[in-house]
Amino acid sequence: MKTLSSLSAISGAESSHQGASREITTSQLPYELQREIFEIAATLNGISAFRLTEVSSFVSNWVRPILYQRIVLRNSRAGSCFLRAIGSKPTHFYNKLVKSLTLTEDVSMACLKPVLAELRNIISFTLFGVAYSQEMYNILNLIRSPHLRRMTLVYRHNSERTLTSHQAHEIPPKILTSLTHLTIVTDHPDRFLNSWDNLDSALSGNAATSVPNHLALFQHLTHFAVSFCRYTVVHRIMQAAPNLRYFVILLPANFIHAWKDGLLNFARLQLGVSVVILKNLGDTASWNVNDGFGPSNFWRWVERLVEDGYISDNGDIKGVQRHTWL
């Protein structure tokens, strides 16, 4: 099964970076060129970036600021460690460096509040959690960065959920209005509350919905991806997002092949918006919480497929009918 972590192949194999590192340190390349090579390598793959810090002290000094650009906090222990790191550095040291933050619901609110209060310059935010959770909505409300442009929500199904006032992937309007890239991954359809309040408000034109600037909720959105199980609810986003250029449908591993022709036809008929269909990324298990590079690599991959004329990762081309798929 293809997982999001496999998308790092776009950046090249990790072993190639390590081999190149050993050769560069013993070569006669100019100092400035060595630094540029290491810095580029560090931006391509998270694991490689970390291992490059072990090459030498001066390489570590080059690479660490790049490594700090993407922070992943899986649990409260990691959150506490990061808080101590913040306290050990000059004021706003990490605020200036960190551009991407990935969190899970296992990080306590006691850790999250000071972390998000410090990181006011993040551009990309990824959250792994439980659908229909008030806590997930509260976490999003703690974001203070005016520069946030990209969001990835990976919300798994909670079989013991209780009804809340929020839908499966509700987003605070103050955040939604600034997003250019939004990815929503969930592993079940919303059978009980089959709607998305954010989208309903944007399309209704009803100012009495208590949602401020309802007509502008999706005004900056250019890239949107969603799990197939939510496709029937959210495909109307093309009516609410005037600047949308990419609409990606993420299929689950158990996708019913009988539906493939309808999706391909839908993709081919769209004008002004590039619709792309991707296999095996519609399940929450396909997204790796440790891969801080994953969301950015994902969108580069989508853009490359569209640039090459494809409407799927199975080789289907816009305007060309095919009879074998998946």
# chains A, B, ... in the order shown; residues from 1 in each chain; ligands from 1
>>> select_by_dssp(residues="segment 40-289 of chain A", states="alpha helix (DSSP H)", output="PyMOL selection string")
chain A and resi 40-42+46-52+57-67+76-88+93-97+109-118+134-141+173-176+197-204+231-234+237-240+260-269
>>> select_by_dssp(residues="segment 103-309 of chain A", states="strand (DSSP E or B)", output="ChimeraX atom specification")
/A:103-104,124-130,150-156,181-186,223-227,246-250,274-278
>>> atom_distance(atom1="atom CA of Arg70 of chain A", atom2="atom CA of Val98 of chain A")
6.0 Å
>>> atom_distance(atom1="atom CA of Ser80 of chain A", atom2="atom CA of Glu118 of chain A")
13.6 Å
>>> residues_around(residues="Val248 of chain A", least_positions_apart="3", cutoff="9 Å", atoms="only C-alpha atoms", output="PyMOL selection string")
chain A and resi 183+223-227+274-278+302
>>> write_last_selection(atoms="N, CA, C and O atoms", output="PDB file, in the first residue's frame")
ATOM      1  N   THR A 183      -6.262  19.833   3.537  1.00  0.00           N
ATOM      2  CA  THR A 183      -6.406  18.395   3.317  1.00  0.00           C
ATOM      3  C   THR A 183      -7.189  17.807   4.482  1.00  0.00           C
ATOM      4  O   THR A 183      -6.849  18.039   5.638  1.00  0.00           O
ATOM      5  N   HIS A 223      -5.877  24.848  -3.033  1.00  0.00           N
ATOM      6  CA  HIS A 223      -5.601  23.408  -3.037  1.00  0.00           C
ATOM      7  C   HIS A 223      -6.495  22.732  -1.991  1.00  0.00           C
ATOM      8  O   HIS A 223      -6.451  23.100  -0.816  1.00  0.00           O
ATOM      9  N   PHE A 224      -7.269  21.740  -2.417  1.00  0.00           N
ATOM     10  CA  PHE A 224      -8.153  21.045  -1.489  1.00  0.00           C
ATOM     11  C   PHE A 224      -8.120  19.548  -1.765  1.00  0.00           C
ATOM     12  O   PHE A 224      -8.250  19.112  -2.918  1.00  0.00           O
ATOM     13  N   ALA A 225      -7.942  18.745  -0.705  1.00  0.00           N
ATOM     14  CA  ALA A 225      -7.940  17.286  -0.821  1.00  0.00           C
ATOM     15  C   ALA A 225      -8.836  16.711   0.255  1.00  0.00           C
ATOM     16  O   ALA A 225      -8.873  17.223   1.383  1.00  0.00           O
ATOM     17  N   VAL A 226      -9.542  15.618  -0.073  1.00  0.00           N
ATOM     18  CA  VAL A 226     -10.479  15.039   0.886  1.00  0.00           C
ATOM     19  C   VAL A 226     -10.615  13.542   0.638  1.00  0.00           C
ATOM     20  O   VAL A 226     -10.499  13.073  -0.501  1.00  0.00           O
ATOM     21  N   SER A 227     -10.861  12.797   1.701  1.00  0.00           N
ATOM     22  CA  SER A 227     -11.122  11.365   1.574  1.00  0.00           C
ATOM     23  C   SER A 227     -12.404  11.141   0.782  1.00  0.00           C
ATOM     24  O   SER A 227     -13.369  11.900   0.903  1.00  0.00           O
ATOM     25  N   SER A 274      -8.337  21.520 -11.561  1.00  0.00           N
ATOM     26  CA  SER A 274      -7.707  20.235 -11.852  1.00  0.00           C
ATOM     27  C   SER A 274      -8.105  19.228 -10.787  1.00  0.00           C
ATOM     28  O   SER A 274      -7.764  19.391  -9.615  1.00  0.00           O
ATOM     29  N   VAL A 275      -8.857  18.203 -11.188  1.00  0.00           N
ATOM     30  CA  VAL A 275      -9.282  17.147 -10.273  1.00  0.00           C
ATOM     31  C   VAL A 275      -8.318  15.980 -10.410  1.00  0.00           C
ATOM     32  O   VAL A 275      -8.051  15.505 -11.517  1.00  0.00           O
ATOM     33  N   VAL A 276      -7.788  15.511  -9.286  1.00  0.00           N
ATOM     34  CA  VAL A 276      -6.820  14.418  -9.270  1.00  0.00           C
ATOM     35  C   VAL A 276      -7.320  13.335  -8.322  1.00  0.00           C
ATOM     36  O   VAL A 276      -7.805  13.630  -7.228  1.00  0.00           O
ATOM     37  N   ILE A 277      -7.203  12.081  -8.754  1.00  0.00           N
ATOM     38  CA  ILE A 277      -7.666  10.941  -7.961  1.00  0.00           C
ATOM     39  C   ILE A 277      -6.455  10.119  -7.543  1.00  0.00           C
ATOM     40  O   ILE A 277      -5.687   9.664  -8.394  1.00  0.00           O
ATOM     41  N   LEU A 278      -6.284   9.923  -6.230  1.00  0.00           N
ATOM     42  CA  LEU A 278      -5.113   9.236  -5.711  1.00  0.00           C
ATOM     43  C   LEU A 278      -5.515   7.987  -4.935  1.00  0.00           C
ATOM     44  O   LEU A 278      -6.450   8.022  -4.133  1.00  0.00           O
ATOM     45  N   VAL A 302       1.107  16.280  -6.305  1.00  0.00           N
ATOM     46  CA  VAL A 302      -0.140  16.575  -7.012  1.00  0.00           C
ATOM     47  C   VAL A 302       0.118  17.563  -8.152  1.00  0.00           C
ATOM     48  O   VAL A 302      -0.346  17.366  -9.287  1.00  0.00           O
TER      49      VAL A 302
END
>>> atom_distance(atom1="atom CA of Leu97 of chain A", atom2="atom CA of Met151 of chain A")
18.4 Å
>>> closest_residue(among="A:Ile311, A:Val289, A:Ile47, A:Val233", to="Val273 of chain A", atoms="only C-alpha atoms")
A:Ile311
>>> closest_residue(among="A:Asp283, A:Arg304, A:Phe218, A:Ser60", to="Leu153 of chain A", atoms="only C-alpha atoms")
A:Asp283
>>> closest_residue(among="A:Ala202, A:Leu103, A:Leu176, A:Leu263", to="Tyr231 of chain A", atoms="only C-alpha atoms")
A:Leu263
>>> residues_around(residues="Ile184 of chain A", least_positions_apart="3", cutoff="12 Å", atoms="only C-alpha atoms", output="CSV table (one decimal) with all heavy atoms, in the first residue's frame")
chain,number,residue,atom,x,y,z
A,126,THR,N,-0.5,20.5,11.0
A,126,THR,CA,-1.1,19.1,10.8
A,126,THR,C,-1.6,18.6,12.1
A,126,THR,O,-0.9,18.7,13.1
A,126,THR,CB,-0.1,18.2,10.2
A,126,THR,OG1,0.3,18.7,8.9
A,126,THR,CG2,-0.8,16.8,9.9
A,127,LEU,N,-2.8,18.1,12.2
A,127,LEU,CA,-3.4,17.6,13.4
A,127,LEU,C,-3.9,16.2,13.2
A,127,LEU,O,-4.8,15.9,12.3
A,127,LEU,CB,-4.5,18.5,13.9
A,127,LEU,CG,-5.2,18.1,15.2
A,127,LEU,CD1,-4.2,18.1,16.3
A,127,LEU,CD2,-6.4,19.1,15.5
A,128,PHE,N,-3.5,15.2,14.0
A,128,PHE,CA,-4.0,13.9,14.0
A,128,PHE,C,-4.9,13.7,15.3
A,128,PHE,O,-4.4,14.0,16.4
A,128,PHE,CB,-2.8,12.9,14.1
A,128,PHE,CG,-2.0,12.7,12.9
A,128,PHE,CD1,-1.1,13.7,12.5
A,128,PHE,CD2,-2.2,11.5,12.1
A,128,PHE,CE1,-0.4,13.5,11.3
A,128,PHE,CE2,-1.5,11.4,10.9
A,128,PHE,CZ,-0.6,12.4,10.5
A,129,GLY,N,-6.1,13.3,15.1
A,129,GLY,CA,-7.0,13.2,16.2
A,129,GLY,C,-8.3,12.4,15.9
A,129,GLY,O,-8.3,11.6,15.0
A,131,ALA,N,-12.4,12.4,15.1
A,131,ALA,CA,-13.5,13.1,14.5
A,131,ALA,C,-14.6,13.4,15.5
A,131,ALA,O,-14.7,12.7,16.5
A,131,ALA,CB,-14.1,12.4,13.3
A,150,ARG,N,-1.5,26.5,5.3
A,150,ARG,CA,-1.7,25.1,5.0
A,150,ARG,C,-2.2,24.3,6.2
A,150,ARG,O,-1.6,24.5,7.3
A,150,ARG,CB,-0.4,24.5,4.4
A,150,ARG,CG,0.1,25.2,3.2
A,150,ARG,CD,1.3,24.5,2.6
A,150,ARG,NE,1.7,25.2,1.4
A,150,ARG,CZ,2.3,24.5,0.3
A,150,ARG,NH1,2.4,23.2,0.4
A,150,ARG,NH2,2.6,25.1,-0.8
A,151,MET,N,-3.2,23.5,6.0
A,151,MET,CA,-3.7,22.7,7.1
A,151,MET,C,-4.0,21.3,6.6
A,151,MET,O,-4.6,21.1,5.6
A,151,MET,CB,-4.9,23.3,7.8
A,151,MET,CG,-5.5,22.5,8.9
A,151,MET,SD,-6.8,23.4,9.8
A,151,MET,CE,-5.7,24.6,10.7
A,152,THR,N,-3.6,20.3,7.4
A,152,THR,CA,-3.9,18.9,7.2
A,152,THR,C,-4.6,18.3,8.4
A,152,THR,O,-4.0,18.4,9.5
A,152,THR,CB,-2.7,18.1,6.8
A,152,THR,OG1,-2.0,18.6,5.7
A,152,THR,CG2,-3.0,16.6,6.5
A,153,LEU,N,-5.8,17.8,8.3
A,153,LEU,CA,-6.5,17.2,9.4
A,153,LEU,C,-6.7,15.7,9.1
A,153,LEU,O,-7.3,15.3,8.1
A,153,LEU,CB,-7.9,17.9,9.5
A,153,LEU,CG,-7.9,19.4,9.7
A,153,LEU,CD1,-9.3,19.9,9.8
A,153,LEU,CD2,-7.1,19.8,11.0
A,154,VAL,N,-6.1,14.9,10.0
A,154,VAL,CA,-6.2,13.4,9.9
A,154,VAL,C,-7.1,13.0,11.0
A,154,VAL,O,-6.5,12.8,12.1
A,154,VAL,CB,-4.8,12.8,9.8
A,154,VAL,CG1,-5.0,11.3,9.6
A,154,VAL,CG2,-4.0,13.4,8.7
A,155,TYR,N,-8.4,12.8,10.8
A,155,TYR,CA,-9.3,12.5,11.9
A,155,TYR,C,-9.9,11.1,11.7
A,155,TYR,O,-10.6,10.8,10.8
A,155,TYR,CB,-10.5,13.5,11.8
A,155,TYR,CG,-10.1,14.9,12.4
A,155,TYR,CD1,-11.1,15.9,12.3
A,155,TYR,CD2,-8.9,15.2,12.9
A,155,TYR,CE1,-10.8,17.1,12.8
A,155,TYR,CE2,-8.6,16.4,13.3
A,155,TYR,CZ,-9.5,17.4,13.3
A,155,TYR,OH,-9.3,18.7,13.8
A,156,ARG,N,-9.5,10.2,12.7
A,156,ARG,CA,-10.0,8.8,12.6
A,156,ARG,C,-11.3,8.7,13.3
A,156,ARG,O,-11.7,9.6,14.1
A,156,ARG,CB,-9.0,7.9,13.3
A,156,ARG,CG,-9.0,8.1,14.8
A,156,ARG,CD,-7.9,7.2,15.5
A,156,ARG,NE,-8.0,7.2,16.9
A,156,ARG,CZ,-7.5,8.2,17.7
A,156,ARG,NH1,-6.8,9.1,17.1
A,156,ARG,NH2,-7.6,8.1,19.0
A,168,ALA,N,-17.6,16.5,11.6
A,168,ALA,CA,-16.4,15.7,11.6
A,168,ALA,C,-15.1,16.5,11.5
A,168,ALA,O,-14.0,16.1,12.0
A,168,ALA,CB,-16.4,14.6,10.5
A,169,HIS,N,-15.1,17.6,10.7
A,169,HIS,CA,-13.9,18.3,10.5
A,169,HIS,C,-14.2,19.8,10.5
A,169,HIS,O,-13.8,20.5,9.5
A,169,HIS,CB,-13.3,17.9,9.2
A,169,HIS,CG,-14.3,17.6,8.1
A,169,HIS,ND1,-15.0,18.6,7.5
A,169,HIS,CD2,-14.7,16.4,7.6
A,169,HIS,CE1,-15.8,18.0,6.6
A,169,HIS,NE2,-15.6,16.7,6.6
A,170,GLU,N,-14.8,20.3,11.5
A,170,GLU,CA,-15.1,21.8,11.5
A,170,GLU,C,-13.9,22.5,11.8
A,170,GLU,O,-13.0,22.1,12.6
A,170,GLU,CB,-16.2,22.0,12.6
A,170,GLU,CG,-17.1,23.2,12.3
A,170,GLU,CD,-18.0,22.9,11.1
A,170,GLU,OE1,-18.3,21.8,10.8
A,170,GLU,OE2,-18.3,23.9,10.4
A,171,ILE,N,-13.8,23.7,11.3
A,171,ILE,CA,-12.6,24.6,11.4
A,171,ILE,C,-13.0,26.0,11.8
A,171,ILE,O,-13.9,26.5,11.2
A,171,ILE,CB,-11.8,24.6,10.1
A,171,ILE,CG1,-11.4,23.2,9.6
A,171,ILE,CG2,-10.5,25.5,10.2
A,171,ILE,CD1,-10.8,23.2,8.2
A,181,HIS,N,-4.2,25.9,1.3
A,181,HIS,CA,-4.1,24.5,1.2
A,181,HIS,C,-4.8,23.8,2.3
A,181,HIS,O,-4.5,24.1,3.5
A,181,HIS,CB,-2.7,24.0,1.2
A,181,HIS,CG,-1.8,24.5,0.0
A,181,HIS,ND1,-1.6,25.8,-0.2
A,181,HIS,CD2,-1.2,23.8,-1.0
A,181,HIS,CE1,-0.8,26.0,-1.3
A,181,HIS,NE2,-0.6,24.8,-1.8
A,187,ASP,N,-11.6,8.3,7.9
A,187,ASP,CA,-11.8,6.9,7.4
A,187,ASP,C,-13.3,6.4,7.5
A,187,ASP,O,-13.5,5.2,7.6
A,187,ASP,CB,-10.9,6.0,8.2
A,187,ASP,CG,-11.0,6.1,9.7
A,187,ASP,OD1,-12.0,6.8,10.2
A,187,ASP,OD2,-10.2,5.6,10.5
A,188,HIS,N,-14.2,7.4,7.6
A,188,HIS,CA,-15.6,7.0,7.6
A,188,HIS,C,-16.5,8.1,7.1
A,188,HIS,O,-16.1,9.3,7.3
A,188,HIS,CB,-16.0,6.6,9.0
A,188,HIS,CG,-16.2,7.8,9.9
A,188,HIS,ND1,-15.1,8.5,10.3
A,188,HIS,CD2,-17.2,8.4,10.5
A,188,HIS,CE1,-15.5,9.5,11.1
A,188,HIS,NE2,-16.8,9.4,11.2
A,196,TRP,N,-21.3,19.8,6.4
A,196,TRP,CA,-20.1,20.5,6.8
A,196,TRP,C,-20.5,21.9,7.0
A,196,TRP,O,-20.8,22.6,6.0
A,196,TRP,CB,-19.0,20.4,5.8
A,196,TRP,CG,-17.7,21.0,6.1
A,196,TRP,CD1,-17.3,21.5,7.3
A,196,TRP,CD2,-16.6,21.3,5.2
A,196,TRP,NE1,-16.0,22.0,7.3
A,196,TRP,CE2,-15.6,21.9,6.0
A,196,TRP,CE3,-16.3,21.0,3.9
A,196,TRP,CZ2,-14.3,22.3,5.5
A,196,TRP,CZ3,-15.1,21.4,3.4
A,196,TRP,CH2,-14.1,22.0,4.1
A,223,HIS,N,-5.9,24.8,-3.0
A,223,HIS,CA,-5.6,23.4,-3.0
A,223,HIS,C,-6.5,22.7,-2.0
A,223,HIS,O,-6.5,23.1,-0.8
A,223,HIS,CB,-4.1,23.1,-2.7
A,223,HIS,CG,-3.1,23.7,-3.7
A,223,HIS,ND1,-3.0,25.0,-4.0
A,223,HIS,CD2,-2.2,23.0,-4.4
A,223,HIS,CE1,-2.1,25.2,-4.8
A,223,HIS,NE2,-1.5,24.0,-5.1
A,224,PHE,N,-7.3,21.7,-2.4
A,224,PHE,CA,-8.2,21.0,-1.5
A,224,PHE,C,-8.1,19.5,-1.8
A,224,PHE,O,-8.3,19.1,-2.9
A,224,PHE,CB,-9.6,21.6,-1.6
A,224,PHE,CG,-10.6,20.9,-0.7
A,224,PHE,CD1,-10.5,21.1,0.7
A,224,PHE,CD2,-11.5,20.0,-1.2
A,224,PHE,CE1,-11.4,20.5,1.5
A,224,PHE,CE2,-12.4,19.4,-0.3
A,224,PHE,CZ,-12.4,19.6,1.0
A,225,ALA,N,-7.9,18.7,-0.7
A,225,ALA,CA,-7.9,17.3,-0.8
A,225,ALA,C,-8.8,16.7,0.3
A,225,ALA,O,-8.9,17.2,1.4
A,225,ALA,CB,-6.5,16.7,-0.7
A,226,VAL,N,-9.5,15.6,-0.1
A,226,VAL,CA,-10.5,15.0,0.9
A,226,VAL,C,-10.6,13.5,0.6
A,226,VAL,O,-10.5,13.1,-0.5
A,226,VAL,CB,-11.9,15.7,0.8
A,226,VAL,CG1,-12.5,15.4,-0.6
A,226,VAL,CG2,-12.8,15.4,2.0
A,227,SER,N,-10.9,12.8,1.7
A,227,SER,CA,-11.1,11.4,1.6
A,227,SER,C,-12.4,11.1,0.8
A,227,SER,O,-13.4,11.9,0.9
A,227,SER,CB,-11.2,10.7,3.0
A,227,SER,OG,-10.0,10.7,3.6
A,228,PHE,N,-12.4,10.1,0.0
A,228,PHE,CA,-13.5,9.8,-0.9
A,228,PHE,C,-14.9,9.6,-0.1
A,228,PHE,O,-15.9,10.0,-0.6
A,228,PHE,CB,-13.3,8.5,-1.6
A,228,PHE,CG,-14.5,8.0,-2.5
A,228,PHE,CD1,-14.8,8.7,-3.6
A,228,PHE,CD2,-15.2,6.9,-2.0
A,228,PHE,CE1,-15.9,8.3,-4.4
A,228,PHE,CE2,-16.3,6.5,-2.8
A,228,PHE,CZ,-16.7,7.2,-3.9
A,229,CYS,N,-14.8,9.1,1.1
A,229,CYS,CA,-16.0,8.9,1.9
A,229,CYS,C,-16.7,10.3,2.2
A,229,CYS,O,-17.9,10.3,2.6
A,229,CYS,CB,-15.7,8.2,3.2
A,229,CYS,SG,-14.7,9.0,4.4
A,230,ARG,N,-16.0,11.4,2.1
A,230,ARG,CA,-16.6,12.7,2.3
A,230,ARG,C,-16.9,13.5,1.0
A,230,ARG,O,-17.3,14.6,1.0
A,230,ARG,CB,-15.8,13.5,3.2
A,230,ARG,CG,-15.6,12.9,4.6
A,230,ARG,CD,-16.9,12.9,5.4
A,230,ARG,NE,-17.3,14.3,5.8
A,230,ARG,CZ,-18.5,14.6,6.0
A,230,ARG,NH1,-19.5,13.8,5.9
A,230,ARG,NH2,-18.8,15.9,6.4
A,231,TYR,N,-16.6,12.8,-0.1
A,231,TYR,CA,-16.6,13.5,-1.4
A,231,TYR,C,-18.0,14.0,-1.7
A,231,TYR,O,-18.2,15.2,-2.2
A,231,TYR,CB,-16.2,12.5,-2.5
A,231,TYR,CG,-16.6,12.8,-3.9
A,231,TYR,CD1,-16.0,13.9,-4.6
A,231,TYR,CD2,-17.6,12.1,-4.5
A,231,TYR,CE1,-16.4,14.2,-5.9
A,231,TYR,CE2,-18.0,12.4,-5.8
A,231,TYR,CZ,-17.4,13.5,-6.5
A,231,TYR,OH,-17.8,13.8,-7.7
A,234,VAL,N,-18.5,17.3,0.2
A,234,VAL,CA,-17.6,18.5,0.1
A,234,VAL,C,-17.4,18.9,-1.4
A,234,VAL,O,-16.7,19.9,-1.6
A,234,VAL,CB,-16.3,18.2,0.8
A,234,VAL,CG1,-16.5,17.9,2.2
A,234,VAL,CG2,-15.5,17.2,0.1
A,247,PHE,N,-8.4,20.0,-6.9
A,247,PHE,CA,-9.3,19.3,-6.0
A,247,PHE,C,-8.9,17.8,-6.1
A,247,PHE,O,-9.0,17.2,-7.2
A,247,PHE,CB,-10.8,19.4,-6.6
A,247,PHE,CG,-11.8,18.8,-5.8
A,247,PHE,CD1,-12.6,19.5,-4.9
A,247,PHE,CD2,-12.1,17.4,-5.9
A,247,PHE,CE1,-13.6,18.9,-4.1
A,247,PHE,CE2,-13.1,16.8,-5.2
A,247,PHE,CZ,-13.8,17.5,-4.3
A,248,VAL,N,-8.5,17.3,-5.0
A,248,VAL,CA,-7.9,15.9,-4.9
A,248,VAL,C,-8.9,15.0,-4.1
A,248,VAL,O,-9.3,15.3,-3.0
A,248,VAL,CB,-6.5,15.9,-4.2
A,248,VAL,CG1,-5.9,14.5,-4.3
A,248,VAL,CG2,-5.6,16.9,-5.0
A,249,ILE,N,-9.2,13.9,-4.8
A,249,ILE,CA,-10.0,12.8,-4.1
A,249,ILE,C,-9.1,11.7,-3.7
A,249,ILE,O,-8.4,11.1,-4.5
A,249,ILE,CB,-11.1,12.3,-5.1
A,249,ILE,CG1,-11.9,13.5,-5.6
A,249,ILE,CG2,-12.0,11.3,-4.4
A,249,ILE,CD1,-12.9,13.1,-6.7
A,250,LEU,N,-9.1,11.4,-2.4
A,250,LEU,CA,-8.2,10.4,-1.8
A,250,LEU,C,-9.0,9.1,-1.6
A,250,LEU,O,-10.0,9.1,-0.8
A,250,LEU,CB,-7.7,10.9,-0.4
A,250,LEU,CG,-7.0,12.3,-0.5
A,250,LEU,CD1,-6.7,12.8,0.9
A,250,LEU,CD2,-5.8,12.3,-1.3
A,281,LEU,N,-4.8,6.8,-0.2
A,281,LEU,CA,-4.5,7.8,0.7
A,281,LEU,C,-5.7,8.4,1.5
A,281,LEU,O,-5.7,9.3,2.2
A,281,LEU,CB,-3.8,9.0,0.0
A,281,LEU,CG,-2.3,8.8,-0.4
A,281,LEU,CD1,-1.8,10.0,-1.2
A,281,LEU,CD2,-1.4,8.5,0.8
A,282,GLY,N,-6.9,7.7,1.2
A,282,GLY,CA,-8.1,8.1,1.9
A,282,GLY,C,-8.3,7.5,3.3
A,282,GLY,O,-9.2,7.9,4.0
A,283,ASP,N,-7.3,6.7,3.7
A,283,ASP,CA,-7.4,6.1,5.0
A,283,ASP,C,-6.4,6.8,6.0
A,283,ASP,O,-5.3,7.2,5.6
A,283,ASP,CB,-7.0,4.6,5.0
A,283,ASP,CG,-7.9,3.8,4.1
A,283,ASP,OD1,-9.1,3.9,4.2
A,283,ASP,OD2,-7.4,3.1,3.2
A,284,THR,N,-6.9,7.0,7.2
A,284,THR,CA,-6.0,7.7,8.2
A,284,THR,C,-4.7,7.0,8.4
A,284,THR,O,-3.7,7.6,8.7
A,284,THR,CB,-6.7,7.9,9.5
A,284,THR,OG1,-7.1,6.7,10.0
A,284,THR,CG2,-8.0,8.8,9.3
A,287,TRP,N,-1.3,7.9,6.5
A,287,TRP,CA,-0.6,9.2,6.8
A,287,TRP,C,0.3,9.0,8.0
A,287,TRP,O,-0.2,8.7,9.1
A,287,TRP,CB,-1.6,10.3,6.9
A,287,TRP,CG,-2.4,10.6,5.7
A,287,TRP,CD1,-3.3,9.8,5.0
A,287,TRP,CD2,-2.2,11.7,4.8
A,287,TRP,NE1,-3.7,10.4,3.9
A,287,TRP,CE2,-3.1,11.6,3.7
A,287,TRP,CE3,-1.4,12.9,4.9
A,287,TRP,CZ2,-3.2,12.5,2.7
A,287,TRP,CZ3,-1.5,13.9,3.9
A,287,TRP,CH2,-2.4,13.7,2.8
A,295,PRO,N,3.0,16.6,4.2
A,295,PRO,CA,2.1,17.5,3.5
A,295,PRO,C,2.6,18.3,2.4
A,295,PRO,O,2.0,18.4,1.3
A,295,PRO,CB,1.6,18.4,4.7
A,295,PRO,CG,1.7,17.5,5.9
A,295,PRO,CD,3.0,16.7,5.6
>>> residues_around(residues="segment 105-116 of chain A", least_positions_apart="5", cutoff="7 Å", atoms="only C-alpha atoms", output="list in words")
Arg74, Asn75, Ser76, Gly79, Ser80, Leu83, Phe128, Gly129, Leu142, Ile143 and Arg144 of chain A
>>> write_last_selection(atoms="N, CA, C and O atoms", output="PDB file, in the first residue's frame")
ATOM      1  N   ARG A  74       4.343  14.111  19.107  1.00  0.00           N
ATOM      2  CA  ARG A  74       3.437  12.959  19.096  1.00  0.00           C
ATOM      3  C   ARG A  74       2.685  12.774  20.400  1.00  0.00           C
ATOM      4  O   ARG A  74       1.607  12.190  20.422  1.00  0.00           O
ATOM      5  N   ASN A  75       3.258  13.240  21.503  1.00  0.00           N
ATOM      6  CA  ASN A  75       2.636  13.016  22.805  1.00  0.00           C
ATOM      7  C   ASN A  75       3.074  14.102  23.783  1.00  0.00           C
ATOM      8  O   ASN A  75       3.866  14.990  23.437  1.00  0.00           O
ATOM      9  N   SER A  76       2.579  14.012  25.004  1.00  0.00           N
ATOM     10  CA  SER A  76       2.893  15.041  26.004  1.00  0.00           C
ATOM     11  C   SER A  76       4.368  15.039  26.392  1.00  0.00           C
ATOM     12  O   SER A  76       4.928  16.092  26.730  1.00  0.00           O
ATOM     13  N   GLY A  79       5.971  17.030  23.893  1.00  0.00           N
ATOM     14  CA  GLY A  79       5.599  18.416  24.119  1.00  0.00           C
ATOM     15  C   GLY A  79       6.368  19.044  25.267  1.00  0.00           C
ATOM     16  O   GLY A  79       6.818  20.190  25.179  1.00  0.00           O
ATOM     17  N   SER A  80       6.552  18.290  26.341  1.00  0.00           N
ATOM     18  CA  SER A  80       7.301  18.800  27.494  1.00  0.00           C
ATOM     19  C   SER A  80       8.765  19.043  27.141  1.00  0.00           C
ATOM     20  O   SER A  80       9.362  20.044  27.555  1.00  0.00           O
ATOM     21  N   LEU A  83       8.969  22.184  25.185  1.00  0.00           N
ATOM     22  CA  LEU A  83       8.812  23.352  26.050  1.00  0.00           C
ATOM     23  C   LEU A  83      10.112  23.679  26.778  1.00  0.00           C
ATOM     24  O   LEU A  83      10.484  24.851  26.930  1.00  0.00           O
ATOM     25  N   PHE A 128      -3.466  15.239  14.016  1.00  0.00           N
ATOM     26  CA  PHE A 128      -3.980  13.874  14.046  1.00  0.00           C
ATOM     27  C   PHE A 128      -4.884  13.747  15.269  1.00  0.00           C
ATOM     28  O   PHE A 128      -4.444  14.021  16.385  1.00  0.00           O
ATOM     29  N   GLY A 129      -6.127  13.331  15.061  1.00  0.00           N
ATOM     30  CA  GLY A 129      -7.020  13.236  16.201  1.00  0.00           C
ATOM     31  C   GLY A 129      -8.265  12.435  15.902  1.00  0.00           C
ATOM     32  O   GLY A 129      -8.294  11.607  14.991  1.00  0.00           O
ATOM     33  N   LEU A 142      -6.552  27.474  19.316  1.00  0.00           N
ATOM     34  CA  LEU A 142      -5.370  27.990  20.014  1.00  0.00           C
ATOM     35  C   LEU A 142      -4.311  28.532  19.059  1.00  0.00           C
ATOM     36  O   LEU A 142      -3.357  29.178  19.494  1.00  0.00           O
ATOM     37  N   ILE A 143      -4.447  28.254  17.778  1.00  0.00           N
ATOM     38  CA  ILE A 143      -3.452  28.712  16.804  1.00  0.00           C
ATOM     39  C   ILE A 143      -3.482  30.228  16.730  1.00  0.00           C
ATOM     40  O   ILE A 143      -4.539  30.840  16.555  1.00  0.00           O
ATOM     41  N   ARG A 144      -2.314  30.835  16.833  1.00  0.00           N
ATOM     42  CA  ARG A 144      -2.216  32.296  16.847  1.00  0.00           C
ATOM     43  C   ARG A 144      -1.422  32.852  15.673  1.00  0.00           C
ATOM     44  O   ARG A 144      -1.228  34.061  15.588  1.00  0.00           O
TER      45      ARG A 144
END
